[in-house]
file start.txt (compact mmCIF, C-alpha atoms and all ligand atoms)
# COMPACT_ATOMS: atom_id res chain seq x y z
CA MET E 1 -25.17 14.95 -21.95
CA GLY E 2 -22.05 12.83 -22.28
CA LEU E 3 -21.01 9.77 -20.33
CA GLU E 4 -19.25 11.90 -17.72
CA ALA E 5 -22.45 12.80 -15.89
CA ALA E 6 -23.66 9.18 -16.10
CA VAL E 7 -20.39 7.82 -14.62
CA SER E 8 -20.64 10.24 -11.70
CA ARG E 9 -24.37 9.70 -11.18
CA LEU E 10 -24.06 5.91 -11.19
CA ILE E 11 -21.11 5.90 -8.80
CA LEU E 12 -22.78 8.28 -6.39
CA LYS E 13 -26.05 6.33 -6.44
CA LYS E 14 -24.45 2.91 -5.98
CA GLY E 15 -21.77 4.10 -3.54
CA PHE E 16 -24.20 5.86 -1.24
CA GLU E 17 -26.56 2.87 -1.42
CA ILE E 18 -23.70 0.67 -0.15
CA LEU E 19 -22.65 3.16 2.53
CA ASN E 20 -26.29 3.49 3.64
CA GLU E 21 -26.53 -0.28 4.06
CA CYS E 22 -23.34 -0.20 6.17
CA CYS E 23 -24.99 2.01 8.81
CA GLU E 24 -26.42 -1.16 10.44
CA ASN E 25 -24.50 -4.45 10.45
CA ASP E 26 -24.31 -7.72 12.29
CA VAL E 27 -20.52 -7.42 12.49
CA VAL E 28 -17.99 -4.66 11.76
CA ILE E 29 -14.38 -5.81 11.45
CA VAL E 30 -11.73 -3.11 11.68
CA GLY E 31 -8.63 -3.97 9.63
CA ALA E 32 -8.22 -6.02 6.45
CA GLY E 33 -5.10 -7.95 7.46
CA PRO E 34 -5.00 -11.76 7.44
CA ALA E 35 -6.91 -12.11 10.74
CA GLY E 36 -9.68 -9.65 9.78
CA LEU E 37 -10.08 -11.04 6.26
CA THR E 38 -10.28 -14.63 7.50
CA CYS E 39 -12.81 -13.65 10.15
CA ALA E 40 -14.87 -11.90 7.44
CA LEU E 41 -14.66 -14.93 5.14
CA LYS E 42 -15.86 -17.34 7.83
CA LEU E 43 -18.69 -15.02 8.98
CA ALA E 44 -19.81 -14.44 5.40
CA GLU E 45 -19.80 -18.20 4.79
CA SER E 46 -22.23 -18.45 7.74
CA ASP E 47 -24.47 -15.84 6.05
CA VAL E 48 -23.61 -13.16 8.59
CA ASP E 49 -23.85 -9.57 7.36
CA VAL E 50 -20.26 -8.34 7.75
CA VAL E 51 -18.32 -5.26 6.70
CA VAL E 52 -14.54 -4.77 6.93
CA ILE E 53 -13.25 -1.20 7.38
CA GLU E 54 -9.68 -0.63 6.18
CA ARG E 55 -7.91 2.70 6.41
CA LYS E 56 -5.43 1.98 3.61
CA LEU E 57 -6.33 1.57 -0.07
CA TYR E 58 -5.24 -2.05 -0.18
CA VAL E 59 -6.12 -5.25 1.65
CA GLY E 60 -3.81 -7.67 3.43
CA GLY E 61 -2.31 -5.51 6.18
CA GLY E 62 1.20 -6.76 6.89
CA MET E 63 0.79 -10.07 5.05
CA PRO E 64 1.73 -9.14 1.45
CA GLY E 65 5.08 -7.82 2.76
CA GLY E 66 6.11 -11.33 3.90
CA GLY E 67 9.25 -10.99 6.04
CA MET E 68 11.19 -7.76 5.34
CA PHE E 69 9.40 -7.44 1.94
CA ILE E 70 10.90 -10.78 0.91
CA PRO E 71 8.16 -12.61 -1.03
CA ALA E 72 7.64 -15.68 1.16
CA GLY E 73 5.84 -16.49 4.37
CA THR E 74 5.52 -19.53 6.60
CA VAL E 75 2.78 -21.58 8.28
CA LEU E 76 3.23 -24.34 10.85
CA GLU E 77 2.29 -27.58 9.09
CA ASP E 78 0.05 -28.66 11.98
CA SER E 79 -1.87 -25.36 11.97
CA ASP E 80 -5.66 -25.51 11.52
CA ALA E 81 -5.16 -22.83 8.88
CA VAL E 82 -3.58 -25.37 6.50
CA PRO E 83 -6.89 -27.00 5.41
CA LEU E 84 -8.37 -23.55 4.77
CA LEU E 85 -5.37 -22.49 2.67
CA GLU E 86 -5.59 -25.76 0.72
CA GLU E 87 -9.32 -25.28 0.19
CA LEU E 88 -8.64 -21.77 -1.18
CA GLY E 89 -6.05 -23.17 -3.57
CA VAL E 90 -3.03 -21.51 -1.95
CA GLU E 91 0.12 -23.37 -2.96
CA LEU E 92 2.01 -24.72 0.06
CA GLU E 93 5.58 -25.94 -0.20
CA GLU E 94 7.45 -28.21 2.23
CA GLY E 95 9.98 -26.27 4.28
CA GLU E 96 11.85 -27.52 7.34
CA GLU E 97 11.31 -27.85 11.12
CA GLY E 98 7.55 -28.40 10.61
CA LEU E 99 7.12 -25.24 8.53
CA LEU E 100 5.39 -24.82 5.17
CA LEU E 101 6.11 -21.99 2.77
CA LEU E 102 3.54 -19.84 1.01
CA ASN E 103 3.39 -16.83 -1.27
CA PRO E 104 1.88 -14.12 1.00
CA VAL E 105 0.45 -12.07 -1.89
CA GLU E 106 -1.31 -15.15 -3.28
CA ALA E 107 -2.65 -16.07 0.16
CA THR E 108 -3.89 -12.51 0.82
CA LEU E 109 -5.66 -12.27 -2.52
CA LYS E 110 -7.28 -15.68 -2.25
CA ILE E 111 -8.60 -15.07 1.28
CA ALA E 112 -9.90 -11.61 0.32
CA THR E 113 -11.51 -12.90 -2.87
CA ALA E 114 -13.25 -15.73 -1.01
CA ALA E 115 -14.52 -13.27 1.60
CA VAL E 116 -15.99 -10.98 -1.08
CA ASP E 117 -17.40 -13.92 -3.08
CA ASN E 118 -19.24 -15.06 0.04
CA GLY E 119 -20.79 -11.61 0.52
CA ALA E 120 -18.43 -9.75 2.88
CA ARG E 121 -18.06 -6.03 2.15
CA ILE E 122 -14.63 -4.41 2.32
CA LEU E 123 -14.49 -0.61 2.46
CA VAL E 124 -11.06 0.99 2.00
CA GLY E 125 -9.78 4.49 2.75
CA ILE E 126 -11.95 4.69 5.87
CA GLU E 127 -10.54 4.85 9.36
CA VAL E 128 -12.15 3.97 12.67
CA GLU E 129 -11.62 6.88 15.06
CA ASP E 130 -13.91 5.86 17.94
CA VAL E 131 -16.46 3.30 19.09
CA ILE E 132 -20.17 3.51 19.84
CA GLU E 133 -20.75 2.42 23.43
CA ARG E 134 -24.05 2.00 25.28
CA ARG E 135 -24.14 0.99 28.94
CA GLY E 136 -20.64 -0.48 28.73
CA GLU E 137 -21.31 -2.46 25.55
CA VAL E 138 -19.58 -1.72 22.23
CA LYS E 139 -22.26 -1.32 19.55
CA GLY E 140 -20.25 -0.34 16.47
CA VAL E 141 -17.71 2.19 15.25
CA VAL E 142 -17.25 5.87 14.43
CA VAL E 143 -15.65 6.38 11.01
CA ASN E 144 -14.01 9.06 8.96
CA TRP E 145 -12.05 9.34 5.71
CA THR E 146 -8.38 8.46 6.24
CA ALA E 147 -7.59 11.36 3.88
CA ALA E 148 -9.34 13.86 6.16
CA ARG E 149 -7.10 12.93 9.08
CA GLN E 150 -4.00 12.94 6.89
CA ALA E 151 -4.90 16.41 5.60
CA GLY E 152 -5.39 17.63 9.16
CA ILE E 153 -8.95 18.73 8.36
CA HIS E 154 -11.38 18.53 11.25
CA VAL E 155 -14.65 17.09 9.98
CA ASP E 156 -17.23 15.31 12.08
CA PRO E 157 -17.50 11.55 11.55
CA LEU E 158 -20.32 9.16 10.70
CA MET E 159 -21.30 5.97 12.57
CA MET E 160 -21.74 2.30 11.72
CA GLU E 161 -23.73 0.27 14.23
CA ALA E 162 -23.04 -3.41 14.78
CA GLU E 163 -24.10 -6.21 17.09
CA PHE E 164 -20.43 -7.17 17.32
CA THR E 165 -17.23 -5.27 16.58
CA VAL E 166 -13.91 -7.01 15.85
CA ASP E 167 -10.55 -5.32 16.41
CA ALA E 168 -8.32 -6.71 13.66
CA THR E 169 -6.01 -3.67 13.59
CA GLY E 170 -2.83 -5.67 14.17
CA HIS E 171 0.00 -4.52 16.45
CA GLU E 172 -1.78 -1.24 17.29
CA ALA E 173 -4.94 -2.83 18.75
CA SER E 174 -6.35 0.62 18.11
CA VAL E 175 -10.04 -0.23 18.59
CA CYS E 176 -9.33 -1.88 21.95
CA LYS E 177 -7.48 1.25 23.02
CA LEU E 178 -10.35 3.47 21.87
CA ALA E 179 -12.77 1.27 23.84
CA GLY E 180 -10.68 1.62 27.01
CA VAL E 181 -9.41 -1.99 27.03
CA GLU E 182 -5.97 -2.33 28.57
CA VAL E 183 -3.41 -3.16 25.85
CA LYS E 184 -0.20 -4.62 27.26
CA GLY E 185 1.68 -4.61 23.96
CA GLU E 186 2.98 -7.72 22.22
CA GLY E 187 5.67 -9.80 23.84
CA LYS E 188 9.09 -10.72 22.47
CA MET E 189 9.57 -13.08 19.53
CA TRP E 190 8.82 -16.79 20.17
CA VAL E 191 7.24 -18.39 17.12
CA GLU E 192 5.66 -21.60 18.55
CA ARG E 193 4.34 -19.97 21.72
CA GLY E 194 3.16 -16.86 19.84
CA GLU E 195 1.23 -19.00 17.35
CA GLU E 196 -0.42 -20.99 20.14
CA LEU E 197 -1.29 -18.01 22.34
CA VAL E 198 -2.61 -15.71 19.63
CA VAL E 199 -5.39 -18.21 18.99
CA LYS E 200 -6.03 -18.80 22.69
CA HIS E 201 -6.21 -15.06 23.38
CA SER E 202 -8.52 -14.22 20.48
CA GLY E 203 -12.01 -13.57 21.74
CA GLU E 204 -14.23 -11.09 23.55
CA VAL E 205 -12.28 -8.37 25.36
CA LYS E 206 -15.26 -6.22 26.39
CA PRO E 207 -19.01 -6.76 25.87
CA GLY E 208 -19.59 -6.53 22.11
CA LEU E 209 -15.88 -6.17 21.24
CA TYR E 210 -13.59 -8.99 20.06
CA ALA E 211 -9.86 -8.96 19.31
CA VAL E 212 -8.19 -11.13 16.65
CA GLY E 213 -4.68 -11.55 15.26
CA MET E 214 -1.88 -9.33 16.51
CA ALA E 215 -4.46 -7.10 18.23
CA ALA E 216 -5.30 -10.06 20.49
CA ALA E 217 -1.59 -10.71 21.10
CA ALA E 218 -1.09 -7.01 21.94
CA VAL E 219 -4.01 -6.96 24.41
CA LYS E 220 -2.66 -9.93 26.35
CA GLY E 221 1.08 -9.30 25.88
CA SER E 222 1.68 -12.67 24.20
CA PRO E 223 4.77 -13.25 22.01
CA ARG E 224 5.10 -12.17 18.40
CA MET E 225 5.81 -14.77 15.74
CA GLY E 226 7.26 -12.89 12.77
CA PRO E 227 6.08 -13.78 9.24
CA THR E 228 4.32 -17.00 10.30
CA PHE E 229 0.68 -16.50 9.42
CA GLY E 230 -1.29 -19.62 10.45
CA GLY E 231 -2.16 -18.21 13.87
CA MET E 232 -3.63 -15.07 12.25
CA LEU E 233 -5.98 -17.17 10.12
CA GLU E 234 -6.89 -19.52 12.99
CA SER E 235 -7.60 -16.55 15.21
CA GLY E 236 -10.04 -15.09 12.65
CA MET E 237 -11.70 -18.50 12.22
CA LYS E 238 -12.13 -18.96 15.97
CA VAL E 239 -13.77 -15.57 16.58
CA ALA E 240 -16.01 -15.92 13.51
CA GLU E 241 -17.31 -19.19 14.93
CA GLU E 242 -17.93 -17.62 18.36
CA ILE E 243 -19.79 -14.66 16.89
CA ALA E 244 -21.82 -16.76 14.41
CA GLU E 245 -23.00 -18.93 17.31
CA LYS E 246 -24.22 -15.86 19.20
CA LEU E 247 -26.10 -14.31 16.25
C1 LIG C 301 -9.14 1.13 9.92
C2 LIG C 301 -7.13 0.18 10.55
C3 LIG C 301 -7.11 0.94 11.73
C4 LIG C 301 -8.20 1.84 11.97
C5 LIG C 301 -5.33 -0.29 11.71
O1 LIG C 301 -1.37 -5.58 10.76
P1 LIG C 301 -2.33 -6.50 10.13
O2 LIG C 301 -1.83 -7.39 9.05
O3 LIG C 301 -3.03 -7.35 11.31
P2 LIG C 301 -3.28 -8.94 11.53
O4 LIG C 301 -3.43 -9.11 12.98
O5 LIG C 301 -4.36 -9.39 10.64
O6 LIG C 301 -1.95 -9.64 11.03
C6 LIG C 301 -0.73 -9.35 11.61
C7 LIG C 301 0.40 -9.73 10.66
O7 LIG C 301 0.29 -9.01 9.44
C8 LIG C 301 1.68 -9.39 11.37
O8 LIG C 301 2.00 -8.19 11.37
C9 LIG C 301 2.41 -10.38 12.09
C10 LIG C 301 2.03 -11.81 12.05
N1 LIG C 301 3.41 -9.95 12.83
C11 LIG C 301 4.19 -10.73 13.72
C12 LIG C 301 5.43 -9.96 14.14
O9 LIG C 301 6.25 -10.57 14.88
O10 LIG C 301 5.60 -8.78 13.78
O11 LIG C 301 -3.56 -5.66 9.55
C13 LIG C 301 -4.17 -4.67 10.31
C14 LIG C 301 -4.93 -3.75 9.37
C15 LIG C 301 -3.98 -2.88 8.53
O12 LIG C 301 -4.31 -3.03 7.16
C16 LIG C 301 -4.26 -1.45 9.00
O13 LIG C 301 -4.15 -0.49 7.97
C17 LIG C 301 -5.67 -1.56 9.54
O14 LIG C 301 -5.71 -2.85 10.14
N2 LIG C 301 -6.01 -0.58 10.57
N3 LIG C 301 -8.12 0.27 9.65
N4 LIG C 301 -9.19 1.90 11.04
N5 LIG C 301 -8.25 2.61 13.07
N6 LIG C 301 -5.98 0.63 12.43
call {"tool": "encode", "arguments": {"input": "start.txt", "output": "structure tokens"}}
result
Amino acid sequence: MGLEAAVSRLILKKGFEILNECCENDVVIVGAGPAGLTCALKLAESDVDVVVIERKLYVGGGMPGGGMFIPAGTVLEDSDAVPLLEELGVELEEGEEGLLLLNPVEATLKIATAAVDNGARILVGIEVEDVIERRGEVKGVVVNWTAARQAGIHVDPLMMEAEFTVDATGHEASVCKLAGVEVKGEGKMWVERGEELVVKHSGEVKPGLYAVGMAAAAVKGSPRMGPTFGGMLESGMKVAEEIAEKL
């Protein structure tokens, strides 16, 4: 036998071992954007067993695209995300009007790397299509291959149980919608207010289900803030702390 069979055998064995372990989790985070990745990093740092489900094949959500694909992003200099970015070695440059500049690709990669280094799992190419709900409490997610939906093939899903589920799906707030939570839709652009309210509004939206980042803004109808990312990170940090305390 050549190496071909060994490559396939090893991948199948290891991959299914990982997927098997993901059937039961402390926390499932849906969406690997800045809010979901930061939440995963902070939970993993607290030794919480956490898996991130991302339907695309890359991490970072909207962050790597900066503003209109232009390779720069901003953070308010008084944001609680600044010490985290500094700790991760993300280069921050003085801007104006209380804003710092960052490279959004660098920031994405450093947050994601730290999350994985601390033990968070990130699974890509998998989409959440429903939630598990028992007696009004969200207890995990129902998943399928993104490719199956794109191909229009009907195939029954599999399930991942979790003590807590986090909707980090950004503007869509798709998990909240699936769970029957009212989603008002994000409000108009107002950077300072949007940054403040996205953190305030991040939290439990239904027993067992939390919203972070733009999903939290969409649930409550609070303003958007464009390519200013501190609030996304702070939102993930806040919810990670709340969940870690409960576990
Ligand atoms: C699996 C899914 C599903 C699903 C979606 O959009 P994101 O980057 O979200 P946040 O909240 O971390 O960050 C928002 C930020 O990028 C942004 O857009 C800002 C600040 N906008 C302000 C403005 O004014 O516009 O990431 C969400 C991720 C994406 O990668 C999706 O692919 C993924 O979630 N996702 N993954 N199953 N059902 N739905």
call {"tool": "residues_near_ligand", "arguments": {"input": "start.txt", "ligand": "ligand LIG 301 (chain C)", "cutoff": "6 Å", "atoms": "all atoms listed in the file", "output": "count of residues only"}}
result
33
call {"tool": "closest_residue", "arguments": {"input": "start.txt", "among": "E:Glu192, E:Glu172, E:Glu161, E:Asp78", "to": "Glu133 of chain E", "atoms": "only C-alpha atoms"}}
result
E:Glu161
call {"tool": "residues_near_point", "arguments": {"input": "start.txt", "point": "(-19.4, 0.3, 12.3)", "cutoff": "10 Å", "atoms": "only C-alpha atoms", "output": "number ranges by chain"}}
result
E: 22-30, 50-53, 128, 130-132, 139-143, 158-166
call {"tool": "closest_residue", "arguments": {"input": "start.txt", "among": "E:Ile11, E:Ile243, E:Ala216, E:Leu43", "to": "Ala115 of chain E", "atoms": "only C-alpha atoms"}}
result
E:Leu43
call {"tool": "closest_residue", "arguments": {"input": "start.txt", "among": "E:Met237, E:Val219, E:Leu37, E:Ala147", "to": "Ala107 of chain E", "atoms": "only C-alpha atoms"}}
result
E:Leu37
call {"tool": "atom_distance", "arguments": {"input": "start.txt", "atom1": "atom CA of Gly73 of chain E", "atom2": "atom CA of Arg121 of chain E"}}
result
26.2 Å
call {"tool": "residues_around", "arguments": {"input": "start.txt", "residues": "segment 82-87 of chain E", "least_positions_apart": "3", "cutoff": "9 Å", "atoms": "only C-alpha atoms", "output": "list in words"}}
result
Val75, Leu76, Glu77, Asp78, Ser79, Val90, Glu91, Leu92, Ala107, Lys110, Ile111, Gly230 and Leu233 of chain E
call {"tool": "atom_distance", "arguments": {"input": "start.txt", "atom1": "atom CA of Ala5 of chain E", "atom2": "atom CA of Leu19 of chain E"}}
result
20.8 Å
call {"tool": "residues_near_point", "arguments": {"input": "start.txt", "point": "(-12.0, 0.7, 22.8)", "cutoff": "9 Å", "atoms": "all atoms listed in the file", "output": "VMD selection string"}}
result
chain E and resid 130 to 131 133 138 167 173 to 182 206 209
call {"tool": "atom_distance", "arguments": {"input": "start.txt", "atom1": "atom CA of Asp47 of chain E", "atom2": "atom CA of Ala120 of chain E"}}
result
9.1 Å
call {"tool": "closest_residue", "arguments": {"input": "start.txt", "among": "E:Gly2, E:Gly15, E:Gly95, E:Gly236", "to": "Ala211 of chain E", "atoms": "all atoms listed in the file"}}
result
E:Gly236
call {"tool": "closest_residue", "arguments": {"input": "start.txt", "among": "E:Thr146, E:Thr38, E:Leu101, E:Gly65", "to": "Ala114 of chain E", "atoms": "all atoms listed in the file"}}
result
E:Thr38
call {"tool": "closest_residue", "arguments": {"input": "start.txt", "among": "E:Gly203, E:Lys184, E:Leu10, E:Ala72", "to": "Glu241 of chain E", "atoms": "only C-alpha atoms"}}
result
E:Gly203
call {"tool": "axis_aligned_box", "arguments": {"input": "start.txt", "around": "segment 53-64 of chain E", "padding_each_side": "5 Å", "output": "lines of an AutoDock Vina configuration file"}}
result
center_x = -5.8
center_y = -3.7
center_z = 3.6
size_x = 25.0
size_y = 22.8
size_z = 17.6
call {"tool": "build_atoms", "arguments": {"input": "start.txt", "residues": "segment 40-59 of chain E", "atoms": "N, CA and C atoms", "output": "PDB file, keeping the file's coordinate frame"}}
result
ATOM      1  N   ALA E  40     -13.794 -12.322   8.352  1.00  0.00           N
ATOM      2  CA  ALA E  40     -14.870 -11.900   7.440  1.00  0.00           C
ATOM      3  C   ALA E  40     -15.301 -13.049   6.538  1.00  0.00           C
ATOM      4  N   LEU E  41     -14.331 -13.793   6.025  1.00  0.00           N
ATOM      5  CA  LEU E  41     -14.660 -14.930   5.140  1.00  0.00           C
ATOM      6  C   LEU E  41     -15.534 -15.938   5.874  1.00  0.00           C
ATOM      7  N   LYS E  42     -15.119 -16.292   7.092  1.00  0.00           N
ATOM      8  CA  LYS E  42     -15.860 -17.340   7.830  1.00  0.00           C
ATOM      9  C   LYS E  42     -17.245 -16.840   8.259  1.00  0.00           C
ATOM     10  N   LEU E  43     -17.360 -15.558   8.629  1.00  0.00           N
ATOM     11  CA  LEU E  43     -18.690 -15.020   8.980  1.00  0.00           C
ATOM     12  C   LEU E  43     -19.583 -14.974   7.751  1.00  0.00           C
ATOM     13  N   ALA E  44     -19.021 -14.532   6.633  1.00  0.00           N
ATOM     14  CA  ALA E  44     -19.810 -14.440   5.400  1.00  0.00           C
ATOM     15  C   ALA E  44     -20.266 -15.834   4.964  1.00  0.00           C
ATOM     16  N   GLU E  45     -19.416 -16.812   5.139  1.00  0.00           N
ATOM     17  CA  GLU E  45     -19.800 -18.200   4.790  1.00  0.00           C
ATOM     18  C   GLU E  45     -20.998 -18.660   5.636  1.00  0.00           C
ATOM     19  N   SER E  46     -21.108 -18.104   6.862  1.00  0.00           N
ATOM     20  CA  SER E  46     -22.230 -18.450   7.740  1.00  0.00           C
ATOM     21  C   SER E  46     -23.413 -17.504   7.518  1.00  0.00           C
ATOM     22  N   ASP E  47     -23.390 -16.779   6.401  1.00  0.00           N
ATOM     23  CA  ASP E  47     -24.470 -15.840   6.050  1.00  0.00           C
ATOM     24  C   ASP E  47     -24.634 -14.684   7.018  1.00  0.00           C
ATOM     25  N   VAL E  48     -23.560 -14.325   7.692  1.00  0.00           N
ATOM     26  CA  VAL E  48     -23.610 -13.160   8.590  1.00  0.00           C
ATOM     27  C   VAL E  48     -23.304 -11.916   7.749  1.00  0.00           C
ATOM     28  N   ASP E  49     -24.040 -10.839   8.068  1.00  0.00           N
ATOM     29  CA  ASP E  49     -23.850  -9.570   7.360  1.00  0.00           C
ATOM     30  C   ASP E  49     -22.620  -8.875   7.966  1.00  0.00           C
ATOM     31  N   VAL E  50     -21.528  -8.816   7.196  1.00  0.00           N
ATOM     32  CA  VAL E  50     -20.260  -8.340   7.750  1.00  0.00           C
ATOM     33  C   VAL E  50     -19.593  -7.324   6.836  1.00  0.00           C
ATOM     34  N   VAL E  51     -19.069  -6.257   7.468  1.00  0.00           N
ATOM     35  CA  VAL E  51     -18.320  -5.260   6.700  1.00  0.00           C
ATOM     36  C   VAL E  51     -16.940  -5.098   7.336  1.00  0.00           C
ATOM     37  N   VAL E  52     -15.923  -4.982   6.474  1.00  0.00           N
ATOM     38  CA  VAL E  52     -14.540  -4.770   6.930  1.00  0.00           C
ATOM     39  C   VAL E  52     -14.174  -3.318   6.596  1.00  0.00           C
ATOM     40  N   ILE E  53     -13.675  -2.590   7.592  1.00  0.00           N
ATOM     41  CA  ILE E  53     -13.250  -1.200   7.380  1.00  0.00           C
ATOM     42  C   ILE E  53     -11.730  -1.163   7.387  1.00  0.00           C
ATOM     43  N   GLU E  54     -11.143  -0.656   6.306  1.00  0.00           N
ATOM     44  CA  GLU E  54      -9.680  -0.630   6.180  1.00  0.00           C
ATOM     45  C   GLU E  54      -9.232   0.799   5.842  1.00  0.00           C
ATOM     46  N   ARG E  55      -8.297   1.297   6.627  1.00  0.00           N
ATOM     47  CA  ARG E  55      -7.910   2.700   6.410  1.00  0.00           C
ATOM     48  C   ARG E  55      -7.002   2.897   5.195  1.00  0.00           C
ATOM     49  N   LYS E  56      -6.305   1.837   4.793  1.00  0.00           N
ATOM     50  CA  LYS E  56      -5.430   1.980   3.610  1.00  0.00           C
ATOM     51  C   LYS E  56      -6.255   1.717   2.355  1.00  0.00           C
ATOM     52  N   LEU E  57      -5.602   1.815   1.189  1.00  0.00           N
ATOM     53  CA  LEU E  57      -6.330   1.570  -0.070  1.00  0.00           C
ATOM     54  C   LEU E  57      -6.114   0.156  -0.559  1.00  0.00           C
ATOM     55  N   TYR E  58      -5.460  -0.673   0.239  1.00  0.00           N
ATOM     56  CA  TYR E  58      -5.240  -2.050  -0.180  1.00  0.00           C
ATOM     57  C   TYR E  58      -5.586  -2.999   0.958  1.00  0.00           C
ATOM     58  N   VAL E  59      -5.819  -4.259   0.611  1.00  0.00           N
ATOM     59  CA  VAL E  59      -6.120  -5.250   1.650  1.00  0.00           C
ATOM     60  C   VAL E  59      -4.872  -6.094   1.939  1.00  0.00           C
TER      61      VAL E  59
END
